[in-house]
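A.B. asks: Okay, so here is coords_3.pdb, and as you'll see once you scroll down, it has PDB, C-alpha atoms and all ligand atoms.
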ATOM      1  CA  MET A   1     -43.274  21.874-103.615  1.00  0.00           C
ATOM      2  CA  ASP A   2     -40.328  20.053-102.113  1.00  0.00           C
ATOM      3  CA  MET A   3     -40.858  16.321-102.608  1.00  0.00           C
ATOM      4  CA  SER A   4     -37.462  15.141-101.438  1.00  0.00           C
ATOM      5  CA  TRP A   5     -39.319  12.811 -99.056  1.00  0.00           C
ATOM      6  CA  ALA A   6     -40.101  10.705-102.141  1.00  0.00           C
ATOM      7  CA  ASP A   7     -36.405  10.039-102.723  1.00  0.00           C
ATOM      8  CA  GLY A   8     -35.385   6.443-102.314  1.00  0.00           C
ATOM      9  CA  VAL A   9     -38.872   5.189-101.542  1.00  0.00           C
ATOM     10  CA  THR A  10     -39.466   1.771-103.082  1.00  0.00           C
ATOM     11  CA  ARG A  11     -42.664   0.708-101.314  1.00  0.00           C
ATOM     12  CA  VAL A  12     -45.611   2.976-100.691  1.00  0.00           C
ATOM     13  CA  ALA A  13     -48.786   2.365 -98.753  1.00  0.00           C
ATOM     14  CA  VAL A  14     -51.496   4.764 -99.852  1.00  0.00           C
ATOM     15  CA  LEU A  15     -54.242   5.295 -97.336  1.00  0.00           C
ATOM     16  CA  THR A  16     -57.253   6.837 -99.028  1.00  0.00           C
ATOM     17  CA  GLY A  17     -60.421   8.342 -97.629  1.00  0.00           C
ATOM     18  CA  ALA A  18     -63.508  10.076 -98.937  1.00  0.00           C
ATOM     19  CA  GLY A  19     -61.512  13.088-100.126  1.00  0.00           C
ATOM     20  CA  ILE A  20     -60.020  11.162-103.043  1.00  0.00           C
ATOM     21  CA  SER A  21     -63.463  10.414-104.467  1.00  0.00           C
ATOM     22  CA  THR A  22     -65.135  13.819-104.160  1.00  0.00           C
ATOM     23  CA  ASP A  23     -63.721  14.794-107.593  1.00  0.00           C
ATOM     24  CA  SER A  24     -65.652  11.773-108.892  1.00  0.00           C
ATOM     25  CA  GLY A  25     -68.889  13.217-107.577  1.00  0.00           C
ATOM     26  CA  ILE A  26     -69.134  11.127-104.421  1.00  0.00           C
ATOM     27  CA  PRO A  27     -69.826  13.329-101.408  1.00  0.00           C
ATOM     28  CA  ASP A  28     -67.780  12.811 -98.283  1.00  0.00           C
ATOM     29  CA  TYR A  29     -69.490  12.113 -94.967  1.00  0.00           C
ATOM     30  CA  ARG A  30     -68.476  14.831 -92.567  1.00  0.00           C
ATOM     31  CA  GLY A  31     -67.617  17.779 -94.812  1.00  0.00           C
ATOM     32  CA  PRO A  32     -69.910  20.787 -95.324  1.00  0.00           C
ATOM     33  CA  ASP A  33     -71.777  18.941 -98.085  1.00  0.00           C
ATOM     34  CA  GLY A  34     -71.306  15.566 -96.443  1.00  0.00           C
ATOM     35  CA  VAL A  35     -73.829  12.769 -96.154  1.00  0.00           C
ATOM     36  CA  TRP A  36     -74.081  12.960 -92.364  1.00  0.00           C
ATOM     37  CA  THR A  37     -73.959  16.748 -92.332  1.00  0.00           C
ATOM     38  CA  ARG A  38     -76.903  17.104 -94.692  1.00  0.00           C
ATOM     39  CA  ASP A  39     -79.052  14.420 -93.105  1.00  0.00           C
ATOM     40  CA  PRO A  40     -77.915  13.384 -89.615  1.00  0.00           C
ATOM     41  CA  SER A  41     -80.919  11.060 -89.323  1.00  0.00           C
ATOM     42  CA  LEU A  42     -79.302   8.801 -91.917  1.00  0.00           C
ATOM     43  CA  VAL A  43     -76.754   7.757 -89.325  1.00  0.00           C
ATOM     44  CA  ASP A  44     -79.506   5.614 -87.810  1.00  0.00           C
ATOM     45  CA  ALA A  45     -80.049   3.759 -91.085  1.00  0.00           C
ATOM     46  CA  PHE A  46     -76.301   3.115 -91.237  1.00  0.00           C
ATOM     47  CA  THR A  47     -76.118   1.723 -87.695  1.00  0.00           C
ATOM     48  CA  TYR A  48     -76.056  -2.056 -87.525  1.00  0.00           C
ATOM     49  CA  GLN A  49     -78.355  -2.467 -84.535  1.00  0.00           C
ATOM     50  CA  SER A  50     -81.089  -0.190 -85.939  1.00  0.00           C
ATOM     51  CA  PHE A  51     -80.730  -1.776 -89.353  1.00  0.00           C
ATOM     52  CA  MET A  52     -81.179  -5.293 -87.966  1.00  0.00           C
ATOM     53  CA  ALA A  53     -84.062  -4.312 -85.707  1.00  0.00           C
ATOM     54  CA  ASP A  54     -86.346  -2.520 -88.135  1.00  0.00           C
ATOM     55  CA  ALA A  55     -87.483  -3.393 -91.664  1.00  0.00           C
ATOM     56  CA  ASP A  56     -88.355   0.257 -92.334  1.00  0.00           C
ATOM     57  CA  VAL A  57     -84.787   1.282 -91.488  1.00  0.00           C
ATOM     58  CA  ARG A  58     -83.512  -1.394 -93.866  1.00  0.00           C
ATOM     59  CA  ALA A  59     -85.777  -0.148 -96.624  1.00  0.00           C
ATOM     60  CA  ARG A  60     -84.467   3.362 -96.047  1.00  0.00           C
ATOM     61  CA  PHE A  61     -80.905   2.094 -96.195  1.00  0.00           C
ATOM     62  CA  TRP A  62     -81.404   0.309 -99.524  1.00  0.00           C
ATOM     63  CA  ARG A  63     -83.284   3.287-100.942  1.00  0.00           C
ATOM     64  CA  THR A  64     -80.384   5.555-100.014  1.00  0.00           C
ATOM     65  CA  TYR A  65     -77.883   3.183-101.569  1.00  0.00           C
ATOM     66  CA  ALA A  66     -79.899   2.668-104.758  1.00  0.00           C
ATOM     67  CA  GLY A  67     -79.323   6.340-105.514  1.00  0.00           C
ATOM     68  CA  HIS A  68     -75.686   6.391-104.427  1.00  0.00           C
ATOM     69  CA  PRO A  69     -73.444   8.096-106.989  1.00  0.00           C
ATOM     70  CA  ALA A  70     -70.814   5.370-106.483  1.00  0.00           C
ATOM     71  CA  TRP A  71     -72.693   3.018-108.825  1.00  0.00           C
ATOM     72  CA  THR A  72     -72.020   5.226-111.813  1.00  0.00           C
ATOM     73  CA  ALA A  73     -69.010   7.273-110.685  1.00  0.00           C
ATOM     74  CA  ARG A  74     -65.813   7.220-112.681  1.00  0.00           C
ATOM     75  CA  PRO A  75     -62.269   7.277-111.297  1.00  0.00           C
ATOM     76  CA  ASN A  76     -60.519  10.637-111.326  1.00  0.00           C
ATOM     77  CA  ALA A  77     -56.934  11.730-111.950  1.00  0.00           C
ATOM     78  CA  ALA A  78     -55.781  10.714-108.468  1.00  0.00           C
ATOM     79  CA  HIS A  79     -57.156   7.157-108.741  1.00  0.00           C
ATOM     80  CA  ARG A  80     -55.660   6.831-112.212  1.00  0.00           C
ATOM     81  CA  ALA A  81     -52.241   8.110-111.130  1.00  0.00           C
ATOM     82  CA  LEU A  82     -52.053   5.500-108.359  1.00  0.00           C
ATOM     83  CA  ALA A  83     -53.090   2.742-110.781  1.00  0.00           C
ATOM     84  CA  ASP A  84     -50.491   3.923-113.291  1.00  0.00           C
ATOM     85  CA  LEU A  85     -47.803   3.928-110.601  1.00  0.00           C
ATOM     86  CA  GLU A  86     -48.553   0.269-109.870  1.00  0.00           C
ATOM     87  CA  ARG A  87     -48.721  -0.569-113.587  1.00  0.00           C
ATOM     88  CA  GLY A  88     -45.260   0.961-114.000  1.00  0.00           C
ATOM     89  CA  GLY A  89     -43.836  -1.628-111.606  1.00  0.00           C
ATOM     90  CA  PHE A  90     -43.792   0.384-108.391  1.00  0.00           C
ATOM     91  CA  ALA A  91     -44.785  -1.461-105.214  1.00  0.00           C
ATOM     92  CA  VAL A  92     -48.058   0.204-104.280  1.00  0.00           C
ATOM     93  CA  ARG A  93     -50.583  -0.996-101.736  1.00  0.00           C
ATOM     94  CA  VAL A  94     -53.828   0.888-101.397  1.00  0.00           C
ATOM     95  CA  LEU A  95     -55.576   0.844 -98.036  1.00  0.00           C
ATOM     96  CA  THR A  96     -58.919   2.514 -98.532  1.00  0.00           C
ATOM     97  CA  GLN A  97     -61.742   3.631 -96.296  1.00  0.00           C
ATOM     98  CA  ASN A  98     -63.899   4.005 -99.393  1.00  0.00           C
ATOM     99  CA  VAL A  99     -66.468   1.462-100.480  1.00  0.00           C
ATOM    100  CA  ASP A 100     -66.879   2.839-104.006  1.00  0.00           C
ATOM    101  CA  GLY A 101     -64.469   0.519-105.855  1.00  0.00           C
ATOM    102  CA  LEU A 102     -62.956   3.406-107.816  1.00  0.00           C
ATOM    103  CA  HIS A 103     -59.345   2.289-107.280  1.00  0.00           C
ATOM    104  CA  GLN A 104     -60.120  -1.007-109.003  1.00  0.00           C
ATOM    105  CA  LYS A 105     -62.115   0.753-111.718  1.00  0.00           C
ATOM    106  CA  ALA A 106     -59.045   2.922-112.357  1.00  0.00           C
ATOM    107  CA  GLY A 107     -56.916  -0.191-112.865  1.00  0.00           C
ATOM    108  CA  SER A 108     -55.368  -0.915-109.468  1.00  0.00           C
ATOM    109  CA  SER A 109     -55.118  -4.701-109.015  1.00  0.00           C
ATOM    110  CA  PRO A 110     -57.911  -5.887-106.737  1.00  0.00           C
ATOM    111  CA  ARG A 111     -55.342  -7.848-104.699  1.00  0.00           C
ATOM    112  CA  LYS A 112     -53.343  -4.669-104.093  1.00  0.00           C
ATOM    113  CA  VAL A 113     -56.372  -2.813-102.749  1.00  0.00           C
ATOM    114  CA  LEU A 114     -57.445  -3.475 -99.187  1.00  0.00           C
ATOM    115  CA  GLU A 115     -60.979  -2.224 -98.566  1.00  0.00           C
ATOM    116  CA  LEU A 116     -60.968  -1.518 -94.834  1.00  0.00           C
ATOM    117  CA  HIS A 117     -64.672  -0.712 -94.742  1.00  0.00           C
ATOM    118  CA  GLY A 118     -65.802  -3.288 -97.282  1.00  0.00           C
ATOM    119  CA  SER A 119     -67.438  -2.716-100.639  1.00  0.00           C
ATOM    120  CA  ILE A 120     -70.858  -1.831-101.966  1.00  0.00           C
ATOM    121  CA  ARG A 121     -70.439  -4.401-104.724  1.00  0.00           C
ATOM    122  CA  GLU A 122     -70.967  -7.215-102.288  1.00  0.00           C
ATOM    123  CA  THR A 123     -74.043  -8.156-100.256  1.00  0.00           C
ATOM    124  CA  VAL A 124     -73.718 -10.341 -97.175  1.00  0.00           C
ATOM    125  CA  CYS A 125     -76.322 -12.544 -95.489  1.00  0.00           C
ATOM    126  CA  THR A 126     -76.415 -11.933 -91.745  1.00  0.00           C
ATOM    127  CA  GLY A 127     -77.873 -15.430 -91.336  1.00  0.00           C
ATOM    128  CA  CYS A 128     -75.670 -17.817 -93.282  1.00  0.00           C
ATOM    129  CA  GLY A 129     -72.838 -15.486 -94.236  1.00  0.00           C
ATOM    130  CA  ALA A 130     -73.281 -16.026 -97.981  1.00  0.00           C
ATOM    131  CA  ARG A 131     -71.727 -13.293-100.104  1.00  0.00           C
ATOM    132  CA  THR A 132     -73.318 -12.314-103.390  1.00  0.00           C
ATOM    133  CA  PRO A 133     -72.909  -9.452-105.839  1.00  0.00           C
ATOM    134  CA  THR A 134     -75.119  -6.553-104.829  1.00  0.00           C
ATOM    135  CA  ALA A 135     -78.261  -6.402-106.947  1.00  0.00           C
ATOM    136  CA  ILE A 136     -78.855  -2.967-108.419  1.00  0.00           C
ATOM    137  CA  ASP A 137     -82.396  -3.633-109.511  1.00  0.00           C
ATOM    138  CA  GLY A 138     -84.178  -0.633-108.078  1.00  0.00           C
ATOM    139  CA  ALA A 139     -85.818  -2.731-105.387  1.00  0.00           C
ATOM    140  CA  ASP A 140     -85.771  -0.556-102.305  1.00  0.00           C
ATOM    141  CA  GLY A 141     -87.498  -2.714 -99.719  1.00  0.00           C
ATOM    142  CA  ASP A 142     -86.070  -5.108 -97.178  1.00  0.00           C
ATOM    143  CA  ARG A 143     -83.830  -7.746 -98.759  1.00  0.00           C
ATOM    144  CA  ARG A 144     -83.697 -11.388 -97.730  1.00  0.00           C
ATOM    145  CA  CYS A 145     -81.321 -14.259 -98.464  1.00  0.00           C
ATOM    146  CA  ALA A 146     -82.620 -16.641-101.126  1.00  0.00           C
ATOM    147  CA  ALA A 147     -80.936 -19.553 -99.352  1.00  0.00           C
ATOM    148  CA  CYS A 148     -81.834 -19.070 -95.681  1.00  0.00           C
ATOM    149  CA  GLY A 149     -84.223 -16.124 -95.467  1.00  0.00           C
ATOM    150  CA  GLY A 150     -81.760 -14.135 -93.356  1.00  0.00           C
ATOM    151  CA  ILE A 151     -81.528 -10.363 -93.477  1.00  0.00           C
ATOM    152  CA  LEU A 152     -79.189  -9.167 -96.209  1.00  0.00           C
ATOM    153  CA  LYS A 153     -76.880  -6.257 -95.629  1.00  0.00           C
ATOM    154  CA  LEU A 154     -74.436  -4.468 -97.831  1.00  0.00           C
ATOM    155  CA  GLY A 155     -70.844  -5.687 -97.503  1.00  0.00           C
ATOM    156  CA  VAL A 156     -69.750  -2.448 -95.871  1.00  0.00           C
ATOM    157  CA  VAL A 157     -68.849  -1.857 -92.240  1.00  0.00           C
ATOM    158  CA  MET A 158     -71.732  -0.059 -90.562  1.00  0.00           C
ATOM    159  CA  PHE A 159     -71.688   1.997 -87.375  1.00  0.00           C
ATOM    160  CA  GLY A 160     -71.676  -0.402 -84.455  1.00  0.00           C
ATOM    161  CA  GLU A 161     -69.837  -3.101 -86.396  1.00  0.00           C
ATOM    162  CA  HIS A 162     -66.253  -4.161 -85.963  1.00  0.00           C
ATOM    163  CA  LEU A 163     -63.809  -4.223 -88.818  1.00  0.00           C
ATOM    164  CA  ASP A 164     -62.574  -7.587 -89.959  1.00  0.00           C
ATOM    165  CA  PRO A 165     -59.542  -8.285 -87.711  1.00  0.00           C
ATOM    166  CA  ASP A 166     -57.682 -10.100 -90.513  1.00  0.00           C
ATOM    167  CA  THR A 167     -58.046  -7.066 -92.744  1.00  0.00           C
ATOM    168  CA  VAL A 168     -56.810  -4.747 -90.010  1.00  0.00           C
ATOM    169  CA  GLY A 169     -53.846  -7.037 -89.266  1.00  0.00           C
ATOM    170  CA  LEU A 170     -52.905  -7.095 -92.924  1.00  0.00           C
ATOM    171  CA  ALA A 171     -53.178  -3.302 -93.121  1.00  0.00           C
ATOM    172  CA  GLU A 172     -50.855  -2.979 -90.126  1.00  0.00           C
ATOM    173  CA  ARG A 173     -48.266  -5.226 -91.763  1.00  0.00           C
ATOM    174  CA  ILE A 174     -48.447  -3.162 -94.936  1.00  0.00           C
ATOM    175  CA  ALA A 175     -48.103   0.066 -92.926  1.00  0.00           C
ATOM    176  CA  SER A 176     -45.020  -1.192 -91.132  1.00  0.00           C
ATOM    177  CA  HIS A 177     -43.351  -2.570 -94.294  1.00  0.00           C
ATOM    178  CA  SER A 178     -43.798   0.487 -96.504  1.00  0.00           C
ATOM    179  CA  GLU A 179     -41.148   3.183 -96.424  1.00  0.00           C
ATOM    180  CA  LEU A 180     -43.783   5.803 -97.118  1.00  0.00           C
ATOM    181  CA  MET A 181     -47.331   6.044 -95.844  1.00  0.00           C
ATOM    182  CA  LEU A 182     -49.160   8.466 -98.104  1.00  0.00           C
ATOM    183  CA  VAL A 183     -52.508   9.594 -96.734  1.00  0.00           C
ATOM    184  CA  VAL A 184     -54.879  10.999 -99.342  1.00  0.00           C
ATOM    185  CA  GLY A 185     -58.189  12.612 -98.460  1.00  0.00           C
ATOM    186  CA  SER A 186     -58.721  11.244 -94.979  1.00  0.00           C
ATOM    187  CA  SER A 187     -59.204  13.361 -91.893  1.00  0.00           C
ATOM    188  CA  LEU A 188     -57.794  10.448 -89.831  1.00  0.00           C
ATOM    189  CA  GLN A 189     -60.572  10.807 -87.283  1.00  0.00           C
ATOM    190  CA  VAL A 190     -61.589   7.151 -87.026  1.00  0.00           C
ATOM    191  CA  GLU A 191     -59.946   3.815 -86.455  1.00  0.00           C
ATOM    192  CA  PRO A 192     -58.215   1.925 -87.804  1.00  0.00           C
ATOM    193  CA  VAL A 193     -56.713   4.584 -90.058  1.00  0.00           C
ATOM    194  CA  ALA A 194     -55.425   6.671 -87.186  1.00  0.00           C
ATOM    195  CA  SER A 195     -53.507   3.781 -85.663  1.00  0.00           C
ATOM    196  CA  LEU A 196     -52.194   2.745 -89.089  1.00  0.00           C
ATOM    197  CA  CYS A 197     -50.418   6.101 -89.203  1.00  0.00           C
ATOM    198  CA  ALA A 198     -48.981   5.398 -85.780  1.00  0.00           C
ATOM    199  CA  VAL A 199     -47.781   1.991 -86.976  1.00  0.00           C
ATOM    200  CA  ALA A 200     -46.049   3.616 -89.934  1.00  0.00           C
ATOM    201  CA  VAL A 201     -44.365   6.311 -87.855  1.00  0.00           C
ATOM    202  CA  ASN A 202     -43.350   3.894 -85.097  1.00  0.00           C
ATOM    203  CA  GLY A 203     -41.825   1.679 -87.776  1.00  0.00           C
ATOM    204  CA  GLY A 204     -39.554   4.539 -88.787  1.00  0.00           C
ATOM    205  CA  ASN A 205     -41.405   5.142 -92.046  1.00  0.00           C
ATOM    206  CA  ARG A 206     -42.255   8.485 -93.600  1.00  0.00           C
ATOM    207  CA  LEU A 207     -45.768   9.816 -93.281  1.00  0.00           C
ATOM    208  CA  VAL A 208     -47.077  12.311 -95.831  1.00  0.00           C
ATOM    209  CA  ILE A 209     -50.607  13.662 -95.512  1.00  0.00           C
ATOM    210  CA  VAL A 210     -52.542  15.153 -98.420  1.00  0.00           C
ATOM    211  CA  ASN A 211     -55.771  16.518 -97.017  1.00  0.00           C
ATOM    212  CA  ARG A 212     -57.809  19.700 -97.221  1.00  0.00           C
ATOM    213  CA  ASP A 213     -58.196  19.993 -93.458  1.00  0.00           C
ATOM    214  CA  PRO A 214     -55.802  19.456 -90.553  1.00  0.00           C
ATOM    215  CA  THR A 215     -55.581  15.966 -89.076  1.00  0.00           C
ATOM    216  CA  PRO A 216     -54.477  14.745 -85.638  1.00  0.00           C
ATOM    217  CA  TYR A 217     -51.342  13.304 -87.270  1.00  0.00           C
ATOM    218  CA  ASP A 218     -50.052  16.440 -88.986  1.00  0.00           C
ATOM    219  CA  SER A 219     -47.448  17.036 -86.294  1.00  0.00           C
ATOM    220  CA  LEU A 220     -45.968  13.572 -86.850  1.00  0.00           C
ATOM    221  CA  ALA A 221     -45.900  13.876 -90.623  1.00  0.00           C
ATOM    222  CA  THR A 222     -42.785  14.337 -92.729  1.00  0.00           C
ATOM    223  CA  ALA A 223     -44.889  16.629 -94.919  1.00  0.00           C
ATOM    224  CA  VAL A 224     -48.442  17.948 -94.996  1.00  0.00           C
ATOM    225  CA  VAL A 225     -49.871  18.930 -98.365  1.00  0.00           C
ATOM    226  CA  ARG A 226     -52.964  21.108 -98.711  1.00  0.00           C
ATOM    227  CA  GLU A 227     -53.075  21.285-102.504  1.00  0.00           C
ATOM    228  CA  PRO A 228     -55.993  19.802-104.473  1.00  0.00           C
ATOM    229  CA  ILE A 229     -55.831  16.009-104.571  1.00  0.00           C
ATOM    230  CA  GLY A 230     -56.561  15.768-108.295  1.00  0.00           C
ATOM    231  CA  THR A 231     -53.443  17.699-109.224  1.00  0.00           C
ATOM    232  CA  VAL A 232     -51.009  16.876-106.453  1.00  0.00           C
ATOM    233  CA  VAL A 233     -51.383  13.082-106.364  1.00  0.00           C
ATOM    234  CA  PRO A 234     -50.286  12.688-110.006  1.00  0.00           C
ATOM    235  CA  ARG A 235     -47.244  14.856-109.204  1.00  0.00           C
ATOM    236  CA  ILE A 236     -46.393  12.759-106.156  1.00  0.00           C
ATOM    237  CA  CYS A 237     -46.729   9.571-108.210  1.00  0.00           C
ATOM    238  CA  ALA A 238     -44.404  11.032-110.827  1.00  0.00           C
ATOM    239  CA  ALA A 239     -41.868  11.881-108.117  1.00  0.00           C
ATOM    240  CA  LEU A 240     -42.071   8.343-106.723  1.00  0.00           C
ATOM    241  CA  SER A 241     -41.676   6.620-110.073  1.00  0.00           C
ATOM    242  CA  GLY A 242     -38.760   8.899-110.921  1.00  0.00           C
ATOM    243  CA  GLY A 243     -36.921   8.452-107.658  1.00  0.00           C
ATOM    244  CA  GLY A 244     -37.340   4.873-106.563  1.00  0.00           C
ATOM    245  CA  GLY A 245     -39.418   1.861-107.368  1.00  0.00           C
ATOM    246  CA  SER A 246     -36.700  -0.609-108.230  1.00  0.00           C
ATOM    247  CA  SER A 247     -37.713  -4.165-108.980  1.00  0.00           C
ATOM    248  CA  SER A 248     -36.258  -5.226-105.647  1.00  0.00           C
ATOM    249  CA  ALA A 249     -39.225  -3.446-104.133  1.00  0.00           C
ATOM    250  CA  ASN A 250     -41.509  -6.285-104.961  1.00  0.00           C
ATOM    251  CA  GLU A 251     -40.661  -8.614-102.146  1.00  0.00           C
ATOM    252  CA  ALA A 252     -43.868  -9.841-100.678  1.00  0.00           C
ATOM    253  CA  VAL A 253     -45.031  -8.448 -97.390  1.00  0.00           C
ATOM    254  CA  PRO A 254     -45.474 -11.446 -95.077  1.00  0.00           C
ATOM    255  CA  GLY A 255     -48.964 -12.778 -95.454  1.00  0.00           C
ATOM    256  CA  LEU A 256     -49.517 -11.076 -98.774  1.00  0.00           C
ATOM    257  CA  PRO A 257     -49.477 -12.615-102.205  1.00  0.00           C
ATOM    258  CA  GLY A 258     -46.376 -11.577-104.117  1.00  0.00           C
ATOM    259  CA  ARG A 259     -46.418  -9.515-107.208  1.00  0.00           C
TER     260      ARG A 259
HETATM  261 ZN    ZN A 301     -78.447 -16.660 -95.867  1.00  0.00          ZN
END
Translate the structure described by the file into structure tokens.
C.D. replies:
Amino acid sequence: MDMSWADGVTRVAVLTGAGISTDSGIPDYRGPDGVWTRDPSLVDAFTYQSFMADADVRARFWRTYAGHPAWTARPNAAHRALADLERGGFAVRVLTQNVDGLHQKAGSSPRKVLELHGSIRETVCTGCGARTPTAIDGADGDRRCAACGGILKLGVVMFGEHLDPDTVGLAERIASHSELMLVVGSSLQVEPVASLCAVAVNGGNRLVIVNRDPTPYDSLATAVVREPIGTVVPRICAALSGGGGSSSANEAVPGLPGR
């Protein structure tokens, strides 16, 4: 495969979706074996308004999450390759739609990973806003805040909820300041990931999409790669570390902590 688009790139923003974690045993949402495909009724349990309105829905939500493979999943070759690229001194920012924490488990610095949809490791009180580590204690009923009695929810963005505007703003700055936007395993069907690709392209940056299925942004991409993520991402990372990644790449993006 021609990877000349990797030449001269010193800063990469990697936008990852469910497709990067399927090799780790975490099903995607909309694919043939996806969570929503297999049980469309679960969408209700993952909708903020239904969740807040009904204790039975909340119990169903927590029950579903207690058995989520993300708690025990291990990073795969693609997560590890991205972590290794950062460890080698390359300027890598990961913008992820995933809530599984596998980039951090693979060794990516937590401050270099922006979790657009939040994380399952954190539980948030809808009453007082307190954030606590998610308890994985097998309790599958409704959960309440020890401090204020408010309804607890997982620290992930549910249907019907807005993304944190600060997080989205930061993601846009990263997209516009990276010479390459590498999309891995996202069908680019939902916001804000779709507009992040637009930000990258409008900023004159390269867009490369690694995804099994076509996306709405394929026609704008410098390259579209259909090869399996687990083998092609390590090759792309090798091409990047061989062709760019000078130390001058580590200038901080405005609003971001430096390296
Ligand atoms: Zn509270």
A.B. asks: Within 12 Å of ligand ZN 301 (chain A), which residues of chain A come that close, and what is the closest atom pair and distance in Å for each? Count all atoms listed in the file and give it as a tab-separated table.
C.D. replies:
residue	atom	partner	partner_atom	distance
A:Thr123	CA	A:ZN301	ZN	10.5
A:Val124	CA	A:ZN301	ZN	8.0
A:Cys125	CA	A:ZN301	ZN	4.6
A:Thr126	CA	A:ZN301	ZN	6.6
A:Gly127	CA	A:ZN301	ZN	4.7
A:Cys128	CA	A:ZN301	ZN	4.0
A:Gly129	CA	A:ZN301	ZN	6.0
A:Ala130	CA	A:ZN301	ZN	5.6
A:Arg131	CA	A:ZN301	ZN	8.6
A:Thr132	CA	A:ZN301	ZN	10.1
A:Arg143	CA	A:ZN301	ZN	10.8
A:Arg144	CA	A:ZN301	ZN	7.7
A:Cys145	CA	A:ZN301	ZN	4.6
A:Ala146	CA	A:ZN301	ZN	6.7
A:Ala147	CA	A:ZN301	ZN	5.2
A:Cys148	CA	A:ZN301	ZN	4.2
A:Gly149	CA	A:ZN301	ZN	5.8
A:Gly150	CA	A:ZN301	ZN	4.9
A:Ile151	CA	A:ZN301	ZN	7.4
A:Leu152	CA	A:ZN301	ZN	7.5
A:Lys153	CA	A:ZN301	ZN	10.5
A.B. asks: Please evaluate the PyMOL selection byres (((chain A and resi 242) around 12) and not hetatm) against the structure above and give the resulting residues as a PyMOL selection string.
C.D. replies: chain A and resi 3-4+6-10+85+88-90+235-241+243-246
A.B. asks: Could you list, as a ChimeraX atom specification, every residue matched by the PyMOL selection byres (((chain A and resi 182) around 9) and not hetatm) in this structure?
C.D. replies: /A:12-16,180-181,183-184,206-210
A.B. asks: Separation of CA of Ala53 in chain A and CA of Val190 in chain A, in Å?
C.D. replies: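 Taking CA of Ala53 in chain A and CA of Val190 in chain A, their separation equals 25.3 Å.
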A.B. asks: Please write as a PyMOL selection string the full residue list that the PyMOL selection byres (((chain A and resi 100-107) around 7) and not hetatm) yields on this file.
C.D. replies: chain A and resi 70+74-75+79-80+83+98-99+108-110+119-120
A.B. asks: Using all atoms listed in the file, which of the listed residues (A:Leu188, A:Ile229, A:Met158, A:Val199) sits closest to Tyr217 in chain A?
C.D. replies: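 Ranking A:Leu188, A:Ile229, A:Met158, A:Val199 by distance to Tyr217 in chain A, first place goes to A:Leu188.
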A.B. asks: Find the distance between CA of Leu170 in chain A and CA of Thr222 in chain A and write it in Å to one decimal.
C.D. replies: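 Going from CA of Leu170 in chain A over to CA of Thr222 in chain A covers 23.7 Å.
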A.B. asks: Pick from A:Thr22, A:Leu154, A:Asp56, A:Gly17: nearest to Ala194 in chain A, with only C-alpha atoms counted?
C.D. replies: A:Gly17
A.B. asks: Find the residues near Ser41 in chain A: any atom within 12 Å, counting all atoms listed in the file, skip ones fewer than 6 places away on the same chain, and give them as a PDB file with C-alpha atoms, keeping the file's coordinate frame.
C.D. replies:
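Output file part.pdb is given in full below:
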ATOM      1  CA  VAL A  35     -73.829  12.769 -96.154  1.00  0.00           C
ATOM      2  CA  THR A  47     -76.118   1.723 -87.695  1.00  0.00           C
ATOM      3  CA  SER A  50     -81.089  -0.190 -85.939  1.00  0.00           C
ATOM      4  CA  VAL A  57     -84.787   1.282 -91.488  1.00  0.00           C
ATOM      5  CA  ARG A  60     -84.467   3.362 -96.047  1.00  0.00           C
ATOM      6  CA  PHE A  61     -80.905   2.094 -96.195  1.00  0.00           C
TER       7      PHE A  61
END
A.B. asks: Counting all atoms listed in the file, which residue out of A:Leu116, A:Val156, A:Met1, A:Ile136 sits closest to Tyr48 in chain A?
C.D. replies: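 Nearest to Tyr48 in chain A: A:Val156.
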